[in-house]
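Peer 1: What follows is my_file_33.json, made up of JSON, C-alpha atoms and all ligand atoms:
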```
[["chain", "number", "residue", "atom", "x", "y", "z"],
["A", 1, "MET", "CA", 81.38, -46.15, 51.97],
["A", 2, "PHE", "CA", 79.65, -44.91, 48.83],
["A", 3, "LEU", "CA", 80.67, -46.45, 45.52],
["A", 4, "ASP", "CA", 79.95, -45.20, 42.02],
["A", 5, "VAL", "CA", 79.59, -48.05, 39.50],
["A", 6, "ASP", "CA", 80.61, -47.32, 35.89],
["A", 7, "GLY", "CA", 84.13, -46.00, 35.52],
["A", 8, "SER", "CA", 84.84, -46.64, 39.22],
["A", 9, "LEU", "CA", 84.01, -50.25, 40.07],
["A", 10, "LEU", "CA", 83.58, -51.37, 36.45],
["A", 11, "ASP", "CA", 85.72, -50.56, 33.44],
["A", 12, "PHE", "CA", 83.89, -48.69, 30.73],
["A", 13, "ALA", "CA", 82.58, -50.71, 27.81],
["A", 14, "LEU", "CA", 81.58, -49.29, 24.44],
["A", 15, "ASP", "CA", 77.95, -50.17, 25.15],
["A", 16, "PRO", "CA", 76.10, -49.82, 28.51],
["A", 17, "ASN", "CA", 75.11, -53.49, 28.29],
["A", 18, "GLY", "CA", 78.66, -54.62, 27.53],
["A", 19, "VAL", "CA", 80.22, -54.19, 30.98],
["A", 20, "VAL", "CA", 81.98, -57.11, 32.61],
["A", 21, "THR", "CA", 81.81, -57.64, 36.36],
["A", 22, "PRO", "CA", 85.24, -58.87, 37.42],
["A", 23, "GLU", "CA", 85.61, -62.00, 39.50],
["A", 24, "GLY", "CA", 85.75, -61.26, 43.21],
["A", 25, "LEU", "CA", 84.45, -57.69, 43.11],
["A", 26, "GLN", "CA", 81.02, -58.47, 44.51],
["A", 27, "ARG", "CA", 82.50, -60.75, 47.16],
["A", 28, "ASP", "CA", 84.84, -57.96, 48.32],
["A", 29, "ILE", "CA", 82.01, -55.40, 48.48],
["A", 30, "ALA", "CA", 79.80, -57.89, 50.34],
["A", 31, "THR", "CA", 82.63, -58.46, 52.84],
["A", 32, "LEU", "CA", 82.98, -54.72, 53.41],
["A", 33, "HIS", "CA", 79.21, -54.35, 53.69],
["A", 34, "VAL", "CA", 79.26, -56.79, 56.62],
["A", 35, "ALA", "CA", 82.47, -55.35, 58.13],
["A", 36, "LEU", "CA", 81.04, -51.82, 58.07],
["A", 37, "ASP", "CA", 77.78, -52.96, 59.69],
["A", 38, "GLY", "CA", 75.91, -52.38, 56.44],
["A", 39, "ALA", "CA", 77.30, -48.90, 55.73],
["A", 40, "VAL", "CA", 78.07, -49.47, 52.04],
["A", 41, "ALA", "CA", 75.92, -48.10, 49.21],
["A", 42, "LEU", "CA", 76.12, -48.14, 45.43],
["A", 43, "VAL", "CA", 75.47, -44.68, 43.95],
["A", 44, "SER", "CA", 74.98, -44.68, 40.19],
["A", 45, "GLY", "CA", 73.48, -43.04, 37.15],
["A", 46, "ARG", "CA", 72.10, -46.45, 36.26],
["A", 47, "ALA", "CA", 68.62, -47.36, 37.43],
["A", 48, "ILE", "CA", 68.69, -49.64, 40.49],
["A", 49, "ASP", "CA", 67.35, -52.52, 38.33],
["A", 50, "ALA", "CA", 70.31, -52.06, 36.03],
["A", 51, "ILE", "CA", 72.75, -51.93, 38.96],
["A", 52, "ASP", "CA", 71.27, -55.23, 40.10],
["A", 53, "ASP", "CA", 71.74, -56.64, 36.59],
["A", 54, "VAL", "CA", 75.50, -56.06, 36.72],
["A", 55, "LEU", "CA", 76.05, -56.51, 40.49],
["A", 56, "GLY", "CA", 73.35, -59.07, 41.21],
["A", 57, "ALA", "CA", 75.01, -60.48, 44.31],
["A", 58, "LEU", "CA", 74.64, -57.08, 45.99],
["A", 59, "ARG", "CA", 70.85, -56.75, 45.89],
["A", 60, "GLN", "CA", 70.80, -56.44, 49.67],
["A", 61, "VAL", "CA", 73.16, -53.45, 49.54],
["A", 62, "PRO", "CA", 71.59, -49.97, 49.67],
["A", 63, "ALA", "CA", 71.65, -48.16, 46.35],
["A", 64, "ALA", "CA", 70.84, -44.84, 44.74],
["A", 65, "GLY", "CA", 69.99, -44.94, 41.04],
["A", 66, "LEU", "CA", 69.36, -42.42, 38.26],
["A", 67, "HIS", "CA", 71.83, -39.95, 39.81],
["A", 68, "GLY", "CA", 69.84, -39.80, 43.05],
["A", 69, "LEU", "CA", 66.30, -39.88, 41.62],
["A", 70, "GLU", "CA", 65.61, -43.29, 43.21],
["A", 71, "ARG", "CA", 66.88, -44.96, 46.38],
["A", 72, "ARG", "CA", 66.90, -48.34, 48.11],
["A", 73, "GLU", "CA", 67.61, -47.80, 51.78],
["A", 74, "ALA", "CA", 69.31, -50.07, 54.28],
["A", 75, "GLY", "CA", 65.97, -51.13, 55.79],
["A", 76, "GLY", "CA", 64.65, -52.05, 52.33],
["A", 77, "ALA", "CA", 62.47, -48.95, 51.83],
["A", 78, "TYR", "CA", 62.33, -47.93, 48.16],
["A", 79, "PHE", "CA", 61.90, -44.37, 46.87],
["A", 80, "ALA", "CA", 60.81, -44.33, 43.23],
["A", 81, "PRO", "CA", 61.81, -41.76, 40.64],
["A", 82, "PRO", "CA", 59.16, -39.37, 39.29],
["A", 83, "PRO", "CA", 57.01, -40.82, 36.49],
["A", 84, "ALA", "CA", 58.09, -40.23, 32.92],
["A", 85, "PRO", "CA", 56.03, -37.66, 31.01],
["A", 86, "ASP", "CA", 54.02, -38.97, 28.05],
["A", 87, "ALA", "CA", 56.22, -37.08, 25.61],
["A", 88, "LEU", "CA", 59.29, -39.08, 26.60],
["A", 89, "ASP", "CA", 58.27, -42.12, 24.51],
["A", 90, "ALA", "CA", 58.23, -40.01, 21.35],
["A", 91, "VAL", "CA", 61.50, -38.30, 22.28],
["A", 92, "HIS", "CA", 63.10, -41.70, 22.88],
["A", 93, "ALA", "CA", 61.89, -43.01, 19.51],
["A", 94, "GLU", "CA", 63.28, -39.91, 17.81],
["A", 95, "ALA", "CA", 66.60, -40.31, 19.65],
["A", 96, "GLN", "CA", 66.82, -43.88, 18.36],
["A", 97, "HIS", "CA", 66.40, -42.53, 14.82],
["A", 98, "VAL", "CA", 69.31, -40.18, 15.43],
["A", 99, "ALA", "CA", 71.39, -43.01, 16.91],
["A", 100, "VAL", "CA", 70.95, -45.39, 13.95],
["A", 101, "ALA", "CA", 72.74, -42.89, 11.73],
["A", 102, "PHE", "CA", 75.86, -43.37, 13.88],
["A", 103, "PRO", "CA", 76.65, -47.08, 14.39],
["A", 104, "GLY", "CA", 77.54, -47.62, 18.04],
["A", 105, "ALA", "CA", 75.62, -44.60, 19.34],
["A", 106, "VAL", "CA", 73.02, -45.54, 21.97],
["A", 107, "ALA", "CA", 69.81, -43.90, 23.19],
["A", 108, "GLU", "CA", 69.32, -45.53, 26.60],
["A", 109, "ARG", "CA", 65.90, -45.16, 28.22],
["A", 110, "LYS", "CA", 65.85, -45.62, 31.99],
["A", 111, "GLY", "CA", 62.65, -44.63, 33.77],
["A", 112, "PRO", "CA", 62.12, -40.89, 33.32],
["A", 113, "ASN", "CA", 65.68, -40.41, 32.03],
["A", 114, "LEU", "CA", 67.09, -40.72, 28.54],
["A", 115, "ALA", "CA", 70.86, -41.04, 28.10],
["A", 116, "LEU", "CA", 72.47, -40.34, 24.72],
["A", 117, "HIS", "CA", 75.79, -42.19, 24.51],
["A", 118, "TRP", "CA", 78.50, -41.63, 21.92],
["A", 119, "ARG", "CA", 81.49, -43.51, 23.44],
["A", 120, "ALA", "CA", 81.53, -45.94, 20.50],
["A", 121, "ALA", "CA", 80.55, -43.27, 17.95],
["A", 122, "PRO", "CA", 82.25, -39.93, 18.70],
["A", 123, "GLU", "CA", 80.82, -38.46, 15.49],
["A", 124, "ALA", "CA", 77.34, -38.67, 17.06],
["A", 125, "GLN", "CA", 78.19, -36.10, 19.73],
["A", 126, "ASP", "CA", 77.13, -32.98, 17.81],
["A", 127, "ALA", "CA", 73.90, -34.56, 16.59],
["A", 128, "PHE", "CA", 73.03, -35.70, 20.13],
["A", 129, "ARG", "CA", 73.82, -32.25, 21.58],
["A", 130, "ALA", "CA", 71.53, -30.59, 19.05],
["A", 131, "PHE", "CA", 68.87, -33.24, 19.61],
["A", 132, "ALA", "CA", 68.95, -32.85, 23.41],
["A", 133, "ALA", "CA", 68.65, -29.07, 23.18],
["A", 134, "ALA", "CA", 65.67, -29.36, 20.82],
["A", 135, "ALA", "CA", 64.02, -32.07, 22.94],
["A", 136, "LEU", "CA", 63.73, -29.67, 25.87],
["A", 137, "ARG", "CA", 60.89, -27.98, 23.97],
["A", 138, "LEU", "CA", 58.88, -31.21, 24.31],
["A", 139, "LEU", "CA", 60.10, -31.82, 27.86],
["A", 140, "PRO", "CA", 59.74, -28.39, 29.48],
["A", 141, "GLU", "CA", 60.37, -29.72, 33.00],
["A", 142, "TYR", "CA", 63.63, -31.37, 31.95],
["A", 143, "ARG", "CA", 67.27, -30.38, 31.88],
["A", 144, "VAL", "CA", 70.35, -31.75, 30.15],
["A", 145, "GLN", "CA", 73.02, -33.28, 32.35],
["A", 146, "ALA", "CA", 76.54, -33.81, 31.00],
["A", 147, "GLY", "CA", 78.64, -36.92, 31.63],
["A", 148, "ASP", "CA", 81.52, -38.91, 30.19],
["A", 149, "HIS", "CA", 80.69, -39.38, 26.46],
["A", 150, "VAL", "CA", 77.03, -38.94, 27.31],
["A", 151, "LEU", "CA", 74.27, -36.37, 27.73],
["A", 152, "GLU", "CA", 71.24, -37.18, 29.78],
["A", 153, "LEU", "CA", 67.74, -35.72, 29.59],
["A", 154, "ARG", "CA", 66.33, -35.85, 33.11],
["A", 155, "PRO", "CA", 63.59, -34.25, 35.18],
["A", 156, "GLY", "CA", 64.92, -30.85, 36.13],
["A", 157, "GLY", "CA", 62.42, -29.89, 38.76],
["A", 158, "GLU", "CA", 63.85, -32.60, 40.98],
["A", 159, "SER", "CA", 66.75, -31.33, 43.03],
["A", 160, "ALA", "CA", 68.02, -34.90, 43.44],
["A", 161, "ASP", "CA", 71.61, -35.66, 42.56],
["A", 162, "LYS", "CA", 74.28, -37.99, 43.93],
["A", 163, "GLY", "CA", 75.01, -35.46, 46.68],
["A", 164, "THR", "CA", 71.43, -35.40, 47.94],
["A", 165, "ALA", "CA", 71.38, -39.22, 47.80],
["A", 166, "VAL", "CA", 74.49, -39.39, 49.99],
["A", 167, "GLU", "CA", 72.95, -36.80, 52.35],
["A", 168, "ALA", "CA", 69.80, -38.91, 52.62],
["A", 169, "PHE", "CA", 71.78, -42.06, 53.44],
["A", 170, "LEU", "CA", 73.79, -40.15, 56.05],
["A", 171, "GLN", "CA", 70.59, -39.21, 57.90],
["A", 172, "GLN", "CA", 69.97, -42.84, 58.74],
["A", 173, "ALA", "CA", 71.55, -45.89, 60.33],
["A", 174, "PRO", "CA", 73.92, -47.51, 59.55],
["A", 175, "PHE", "CA", 75.45, -44.44, 57.85],
["A", 176, "ARG", "CA", 74.47, -41.79, 60.39],
["A", 177, "GLY", "CA", 77.40, -40.39, 62.39],
["A", 178, "ARG", "CA", 80.03, -42.18, 60.29],
["A", 179, "ARG", "CA", 82.83, -40.55, 58.31],
["A", 180, "PRO", "CA", 81.80, -40.90, 54.66],
["A", 181, "VAL", "CA", 83.94, -42.13, 51.78],
["A", 182, "PHE", "CA", 82.87, -41.57, 48.18],
["A", 183, "VAL", "CA", 84.58, -43.12, 45.16],
["A", 184, "GLY", "CA", 83.60, -41.75, 41.75],
["A", 185, "ASP", "CA", 84.92, -40.72, 38.36],
["A", 186, "ASP", "CA", 82.41, -38.52, 36.56],
["A", 187, "LEU", "CA", 81.06, -34.97, 36.68],
["A", 188, "THR", "CA", 77.89, -36.18, 38.39],
["A", 189, "ASP", "CA", 80.03, -37.53, 41.24],
["A", 190, "GLU", "CA", 81.17, -34.00, 42.11],
["A", 191, "HIS", "CA", 77.96, -33.33, 44.06],
["A", 192, "ALA", "CA", 78.75, -36.31, 46.28],
["A", 193, "PHE", "CA", 82.41, -35.32, 46.68],
["A", 194, "ALA", "CA", 81.26, -31.92, 47.96],
["A", 195, "VAL", "CA", 78.90, -33.49, 50.52],
["A", 196, "VAL", "CA", 81.61, -35.86, 51.73],
["A", 197, "ASN", "CA", 84.22, -33.08, 51.95],
["A", 198, "ALA", "CA", 81.83, -30.95, 54.02],
["A", 199, "ARG", "CA", 81.75, -33.79, 56.56],
["A", 200, "ASP", "CA", 85.51, -34.19, 56.64],
["A", 201, "GLY", "CA", 85.07, -37.40, 54.68],
["A", 202, "ILE", "CA", 87.27, -39.03, 52.07],
["A", 203, "SER", "CA", 86.51, -38.11, 48.45],
["A", 204, "ILE", "CA", 88.31, -40.23, 45.87],
["A", 205, "LEU", "CA", 88.43, -39.35, 42.17],
["A", 206, "VAL", "CA", 89.00, -42.29, 39.84],
["A", 207, "GLY", "CA", 91.19, -41.28, 36.91],
["A", 208, "ASP", "CA", 92.29, -37.82, 36.02],
["A", 209, "ARG", "CA", 90.01, -34.84, 35.51],
["A", 210, "ASP", "CA", 90.56, -31.11, 35.92],
["A", 211, "ALA", "CA", 88.54, -29.13, 38.43],
["A", 212, "SER", "CA", 87.44, -31.96, 40.67],
["A", 213, "VAL", "CA", 86.87, -31.19, 44.34],
["A", 214, "ALA", "CA", 87.93, -34.73, 45.28],
["A", 215, "ARG", "CA", 90.88, -34.79, 47.67],
["A", 216, "TRP", "CA", 92.24, -38.23, 46.84],
["A", 217, "GLN", "CA", 92.78, -40.14, 43.65],
["A", 218, "LEU", "CA", 92.94, -43.68, 42.34],
["A", 219, "ALA", "CA", 94.20, -44.21, 38.82],
["A", 220, "ASN", "CA", 91.45, -46.38, 37.37],
["A", 221, "PRO", "CA", 88.84, -49.06, 38.23],
["A", 222, "THR", "CA", 91.60, -51.67, 38.46],
["A", 223, "ALA", "CA", 93.16, -49.63, 41.26],
["A", 224, "VAL", "CA", 89.75, -49.21, 42.95],
["A", 225, "ARG", "CA", 89.16, -52.97, 42.87],
["A", 226, "ALA", "CA", 92.67, -53.66, 44.23],
["A", 227, "TRP", "CA", 92.07, -51.19, 47.07],
["A", 228, "LEU", "CA", 88.68, -52.73, 47.92],
["A", 229, "HIS", "CA", 90.23, -56.20, 47.80],
["A", 230, "ALA", "CA", 93.01, -55.14, 50.18],
["A", 231, "LEU", "CA", 90.44, -53.62, 52.57],
["A", 232, "ALA", "CA", 88.21, -56.69, 52.39],
["A", 233, "THR", "CA", 91.16, -59.02, 52.94],
["A", 234, "ALA", "CA", 92.44, -56.96, 55.88],
["A", 235, "THR", "CA", 88.95, -57.01, 57.36],
["A", 236, "ALA", "CA", 88.56, -60.74, 56.94],
["A", 237, "THR", "CA", 91.97, -61.49, 58.47],
["A", 238, "GLY", "CA", 91.68, -58.92, 61.23],
["A", 239, "VAL", "CA", 94.69, -57.00, 59.89],
["A", 240, "HIS", "CA", 93.89, -53.30, 59.58],
["A", 241, "ALA", "CA", 95.81, -51.38, 56.95],
["B", 1, "LIG", "O1", 77.08, -43.15, 37.87],
["B", 1, "LIG", "P1", 77.69, -44.32, 37.19],
["B", 1, "LIG", "O2", 77.54, -45.62, 37.94],
["B", 1, "LIG", "O3", 79.11, -44.07, 36.77],
["B", 1, "LIG", "O4", 76.82, -44.51, 35.86],
["B", 1, "LIG", "C1", 76.94, -43.54, 34.81],
["B", 1, "LIG", "C2", 76.36, -44.10, 33.55],
["B", 1, "LIG", "O5", 76.91, -45.43, 33.41],
["B", 1, "LIG", "C3", 76.53, -46.13, 32.21],
["B", 1, "LIG", "O6", 77.10, -45.44, 31.10],
["B", 1, "LIG", "C4", 78.51, -45.37, 31.18],
["B", 1, "LIG", "O7", 79.05, -46.71, 31.18],
["B", 1, "LIG", "C5", 78.79, -47.45, 29.94],
["B", 1, "LIG", "C6", 79.35, -48.84, 30.15],
["B", 1, "LIG", "O8", 80.70, -48.81, 30.43],
["B", 1, "LIG", "C7", 79.45, -46.71, 28.78],
["B", 1, "LIG", "O9", 79.19, -47.42, 27.57],
["B", 1, "LIG", "C8", 78.91, -45.29, 28.70],
["B", 1, "LIG", "O10", 79.66, -44.57, 27.71],
["B", 1, "LIG", "C9", 79.08, -44.57, 30.05],
["B", 1, "LIG", "O11", 78.46, -43.29, 30.01],
["B", 1, "LIG", "C10", 75.04, -46.21, 32.10],
["B", 1, "LIG", "O12", 74.71, -46.73, 30.85],
["B", 1, "LIG", "C11", 74.37, -44.85, 32.31],
["B", 1, "LIG", "O13", 72.96, -45.04, 32.38],
["B", 1, "LIG", "C12", 74.86, -44.24, 33.62],
["B", 1, "LIG", "O14", 74.27, -42.95, 33.79]]
```
With the file now loaded, output its structure as structure tokens.
Ligand SMILES: O=P(O)(O)OC[C@H]1O[C@H](O[C@H]2O[C@H](CO)[C@@H](O)[C@H](O)[C@H]2O)[C@H](O)[C@@H](O)[C@@H]1O
Peer 2:
Amino acid sequence: MFLDVDGSLLDFALDPNGVVTPEGLQRDIATLHVALDGAVALVSGRAIDAIDDVLGALRQVPAAGLHGLERREAGGAYFAPPPAPDALDAVHAEAQHVAVAFPGAVAERKGPNLALHWRAAPEAQDAFRAFAAAALRLLPEYRVQAGDHVLELRPGGESADKGTAVEAFLQQAPFRGRRPVFVGDDLTDEHAFAVVNARDGISILVGDRDASVARWQLANPTAVRAWLHALATATATGVHA
């Protein structure tokens, strides 16, 4: 079972640091982690450190961060993202200058990646789009990745994405040979849906979005949490839904 974090497990907040981890969520995921013999992983655009900040009780759970650029495997092995180029510090500082002109806009630095968020400041979108396009001149190895109210500057030479992260987990115990489930909401989750579909797995889109390859749907993170709670409860009581 592969679980995206923001917009799937957690409701969106206006600011990346403003998310609330609902009571019981971590307990349910920990229950499923045990019930599935460890075959649960968190797969996020957040860095793994930031996943651990919001889901701290799940530090023993495998995780992929930065859209697949880093990974914590079931055995504890850690694969780091590529180093940030020197120019990224200056680009980040400049992005913060852009952001201050739009109260609520956020330039979030995470390892080699820089996310430009406008959820709380929709009027920042055009400025951030122009900024990201111009920044590629200083970051020639980078590309711009689109998300929900966000653009992300990330190393482009790396072929890593959430799909390759899921593939990597599926090569190894306890995931190997199992039928994969992926729950996600955003464009970057589409890579993982495709990998899961190719293995006759269960791809679940959270919310509504055109042109998703996901085959199943849950309405929102509340519905995801209710589903996980029902699974965890059934597991704990020996009743299988
Ligand atoms: O792959 P995910 O686990 O869904 O992570 C995607 C991004 O999540 C965070 O940003 C998003 O959630 C914020 C908090 O709700 C929200 O303010 C922002 O608008 C969303 O884009 C995180 O900050 C990013 O680094 C992740 O890439």
Peer 1: Give me, as a PDB file with C-alpha atoms, in the frame of the given file, all polymer residues having an atom no more than 7 Å from range 101-108 of chain A, counting all atoms listed in the file and skipping those fewer than 6 positions away in the same chain.
Peer 2:
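This went into around11.pdb:
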```
ATOM      1  CA  ALA A  95      66.600 -40.310  19.650  1.00  0.00           C
ATOM      2  CA  LEU A 114      67.090 -40.720  28.540  1.00  0.00           C
ATOM      3  CA  ALA A 115      70.860 -41.040  28.100  1.00  0.00           C
ATOM      4  CA  LEU A 116      72.470 -40.340  24.720  1.00  0.00           C
ATOM      5  CA  HIS A 117      75.790 -42.190  24.510  1.00  0.00           C
ATOM      6  CA  TRP A 118      78.500 -41.630  21.920  1.00  0.00           C
ATOM      7  CA  ALA A 120      81.530 -45.940  20.500  1.00  0.00           C
ATOM      8  CA  ALA A 121      80.550 -43.270  17.950  1.00  0.00           C
ATOM      9  CA  ALA A 124      77.340 -38.670  17.060  1.00  0.00           C
TER      10      ALA A 124
END
```
Peer 1: Sorted by chain and rising residue number, list the residues of range 178-237 of chain A at most 6 Å from range 147-166 of chain A (counting only C-alpha atoms), each with its closest atom pair and distance in Å to one decimal, as CSV.
Peer 2:
```
residue,atom,partner,partner_atom,distance
A:Leu187,CA,A:Gly147,CA,5.9
A:His191,CA,A:Gly163,CA,4.5
A:Ala192,CA,A:Gly163,CA,3.9
A:Val195,CA,A:Gly163,CA,5.8
```
Peer 1: May I ask for the distance between CA of Leu66 in chain A and CA of Arg46 in chain A, given in Å to one decimal place?
Peer 2: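 Going from CA of Leu66 in chain A over to CA of Arg46 in chain A, I get 5.3 Å.
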Peer 1: Would you give the centre and edge lengths, in Å to one decimal, of a box along x, y and z around the listed atoms of range 143-159 of chain A, with 5 Å added to each side, as AutoDock Vina command-line options?
Peer 2:
```
--center_x 72.0 --center_y -34.6 --center_z 34.7 --size_x 29.1 --size_y 19.5 --size_z 26.6
```
Peer 1: Compute the set of protein, DNA and RNA residues whose minimum atom distance to ligand LIG 1 (chain B) is at most 6 Å, using only C-alpha atoms and all ligand atoms, and state it as an mmCIF file with C-alpha atoms, keeping the file's coordinate frame.
Peer 2:
```cif
data_model
loop_
_atom_site.group_PDB
_atom_site.id
_atom_site.type_symbol
_atom_site.label_atom_id
_atom_site.label_comp_id
_atom_site.auth_asym_id
_atom_site.auth_seq_id
_atom_site.Cartn_x
_atom_site.Cartn_y
_atom_site.Cartn_z
ATOM 1 C CA ASP A 4 79.950 -45.200 42.020
ATOM 2 C CA VAL A 5 79.590 -48.050 39.500
ATOM 3 C CA ASP A 6 80.610 -47.320 35.890
ATOM 4 C CA GLY A 7 84.130 -46.000 35.520
ATOM 5 C CA PHE A 12 83.890 -48.690 30.730
ATOM 6 C CA ALA A 13 82.580 -50.710 27.810
ATOM 7 C CA LEU A 14 81.580 -49.290 24.440
ATOM 8 C CA ASP A 15 77.950 -50.170 25.150
ATOM 9 C CA PRO A 16 76.100 -49.820 28.510
ATOM 10 C CA VAL A 19 80.220 -54.190 30.980
ATOM 11 C CA SER A 44 74.980 -44.680 40.190
ATOM 12 C CA GLY A 45 73.480 -43.040 37.150
ATOM 13 C CA ARG A 46 72.100 -46.450 36.260
ATOM 14 C CA HIS A 117 75.790 -42.190 24.510
ATOM 15 C CA ARG A 119 81.490 -43.510 23.440
ATOM 16 C CA ASP A 148 81.520 -38.910 30.190
ATOM 17 C CA HIS A 149 80.690 -39.380 26.460
ATOM 18 C CA VAL A 150 77.030 -38.940 27.310
#
```
Peer 1: Can you measure CA of Val224 in chain A to CA of Val183 in chain A for me? One decimal in Å is fine.
Peer 2: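 Computed distance, CA of Val224 in chain A to CA of Val183 in chain A, equals 8.3 Å.
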Peer 1: Residues proximal to (67.5, -33.1, 21.5) were defined as those with any atom within 10 Å of that point in the file's coordinates, counting only C-alpha atoms. Which are they, as a tab-separated table (two decimals) with C-alpha atoms, in the coordinates of the input?
Peer 2:
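The file below, point.tsv, is the result:
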```tsv
chain	number	residue	atom	x	y	z
A	91	VAL	CA	61.50	-38.30	22.28
A	92	HIS	CA	63.10	-41.70	22.88
A	94	GLU	CA	63.28	-39.91	17.81
A	95	ALA	CA	66.60	-40.31	19.65
A	98	VAL	CA	69.31	-40.18	15.43
A	116	LEU	CA	72.47	-40.34	24.72
A	127	ALA	CA	73.90	-34.56	16.59
A	128	PHE	CA	73.03	-35.70	20.13
A	129	ARG	CA	73.82	-32.25	21.58
A	130	ALA	CA	71.53	-30.59	19.05
A	131	PHE	CA	68.87	-33.24	19.61
A	132	ALA	CA	68.95	-32.85	23.41
A	133	ALA	CA	68.65	-29.07	23.18
A	134	ALA	CA	65.67	-29.36	20.82
A	135	ALA	CA	64.02	-32.07	22.94
A	136	LEU	CA	63.73	-29.67	25.87
A	137	ARG	CA	60.89	-27.98	23.97
A	138	LEU	CA	58.88	-31.21	24.31
A	139	LEU	CA	60.10	-31.82	27.86
A	144	VAL	CA	70.35	-31.75	30.15
A	151	LEU	CA	74.27	-36.37	27.73
A	152	GLU	CA	71.24	-37.18	29.78
A	153	LEU	CA	67.74	-35.72	29.59
```
Peer 1: Counting all atoms listed in the file, figure out which residue out of A:Ile48, A:Val40, A:Ala99, A:Ala35 gets nearest to Ala232 in chain A.
Peer 2: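 The answer is A:Ala35, which sits nearest to Ala232 in chain A.
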Peer 1: Please return, as a PyMOL selection string, all polymer residues that have at least one atom within 9 Å of the point (72.7, -46.3, 49.3); use all atoms listed in the file and the file's own coordinate frame.
Peer 2: chain A and resi 2-3+39-43+61-65+71-74+165-166+168-169
Peer 1: As an mmCIF file, in the coordinates of the input, could you write out range 72-85 of chain A once it has been completed with N, CA and C atoms?
Peer 2:
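Okay, this is what ended up in part-v9.cif:
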```cif
data_model
loop_
_atom_site.group_PDB
_atom_site.id
_atom_site.type_symbol
_atom_site.label_atom_id
_atom_site.label_comp_id
_atom_site.auth_asym_id
_atom_site.auth_seq_id
_atom_site.Cartn_x
_atom_site.Cartn_y
_atom_site.Cartn_z
ATOM 1 N N ARG A 72 67.234 -47.138 47.325
ATOM 2 C CA ARG A 72 66.900 -48.340 48.110
ATOM 3 C C ARG A 72 67.674 -48.208 49.414
ATOM 4 N N GLU A 73 66.939 -48.072 50.510
ATOM 5 C CA GLU A 73 67.610 -47.800 51.780
ATOM 6 C C GLU A 73 68.013 -49.090 52.484
ATOM 7 N N ALA A 74 68.782 -48.913 53.551
ATOM 8 C CA ALA A 74 69.310 -50.070 54.280
ATOM 9 C C ALA A 74 68.177 -50.950 54.818
ATOM 10 N N GLY A 75 67.085 -50.341 55.247
ATOM 11 C CA GLY A 75 65.970 -51.130 55.790
ATOM 12 C C GLY A 75 65.107 -51.743 54.706
ATOM 13 N N GLY A 76 65.417 -51.479 53.435
ATOM 14 C CA GLY A 76 64.650 -52.050 52.330
ATOM 15 C C GLY A 76 63.643 -51.073 51.734
ATOM 16 N N ALA A 77 63.422 -49.918 52.386
ATOM 17 C CA ALA A 77 62.470 -48.950 51.830
ATOM 18 C C ALA A 77 62.954 -48.503 50.444
ATOM 19 N N TYR A 78 61.989 -48.327 49.538
ATOM 20 C CA TYR A 78 62.330 -47.930 48.160
ATOM 21 C C TYR A 78 61.658 -46.609 47.816
ATOM 22 N N PHE A 79 62.417 -45.667 47.316
ATOM 23 C CA PHE A 79 61.900 -44.370 46.870
ATOM 24 C C PHE A 79 62.011 -44.336 45.355
ATOM 25 N N ALA A 80 60.856 -44.244 44.695
ATOM 26 C CA ALA A 80 60.810 -44.330 43.230
ATOM 27 C C ALA A 80 61.129 -42.980 42.593
ATOM 28 N N PRO A 81 61.613 -43.010 41.362
ATOM 29 C CA PRO A 81 61.810 -41.760 40.640
ATOM 30 C C PRO A 81 60.467 -41.178 40.211
ATOM 31 N N PRO A 82 60.431 -39.917 39.796
ATOM 32 C CA PRO A 82 59.160 -39.370 39.290
ATOM 33 C C PRO A 82 58.747 -40.111 38.023
ATOM 34 N N PRO A 83 57.443 -40.138 37.720
ATOM 35 C CA PRO A 83 57.010 -40.820 36.490
ATOM 36 C C PRO A 83 57.511 -40.091 35.252
ATOM 37 N N ALA A 84 57.671 -40.845 34.184
ATOM 38 C CA ALA A 84 58.090 -40.230 32.920
ATOM 39 C C ALA A 84 56.904 -39.503 32.295
ATOM 40 N N PRO A 85 57.126 -38.335 31.724
ATOM 41 C CA PRO A 85 56.030 -37.660 31.010
ATOM 42 C C PRO A 85 55.688 -38.418 29.726
#
```
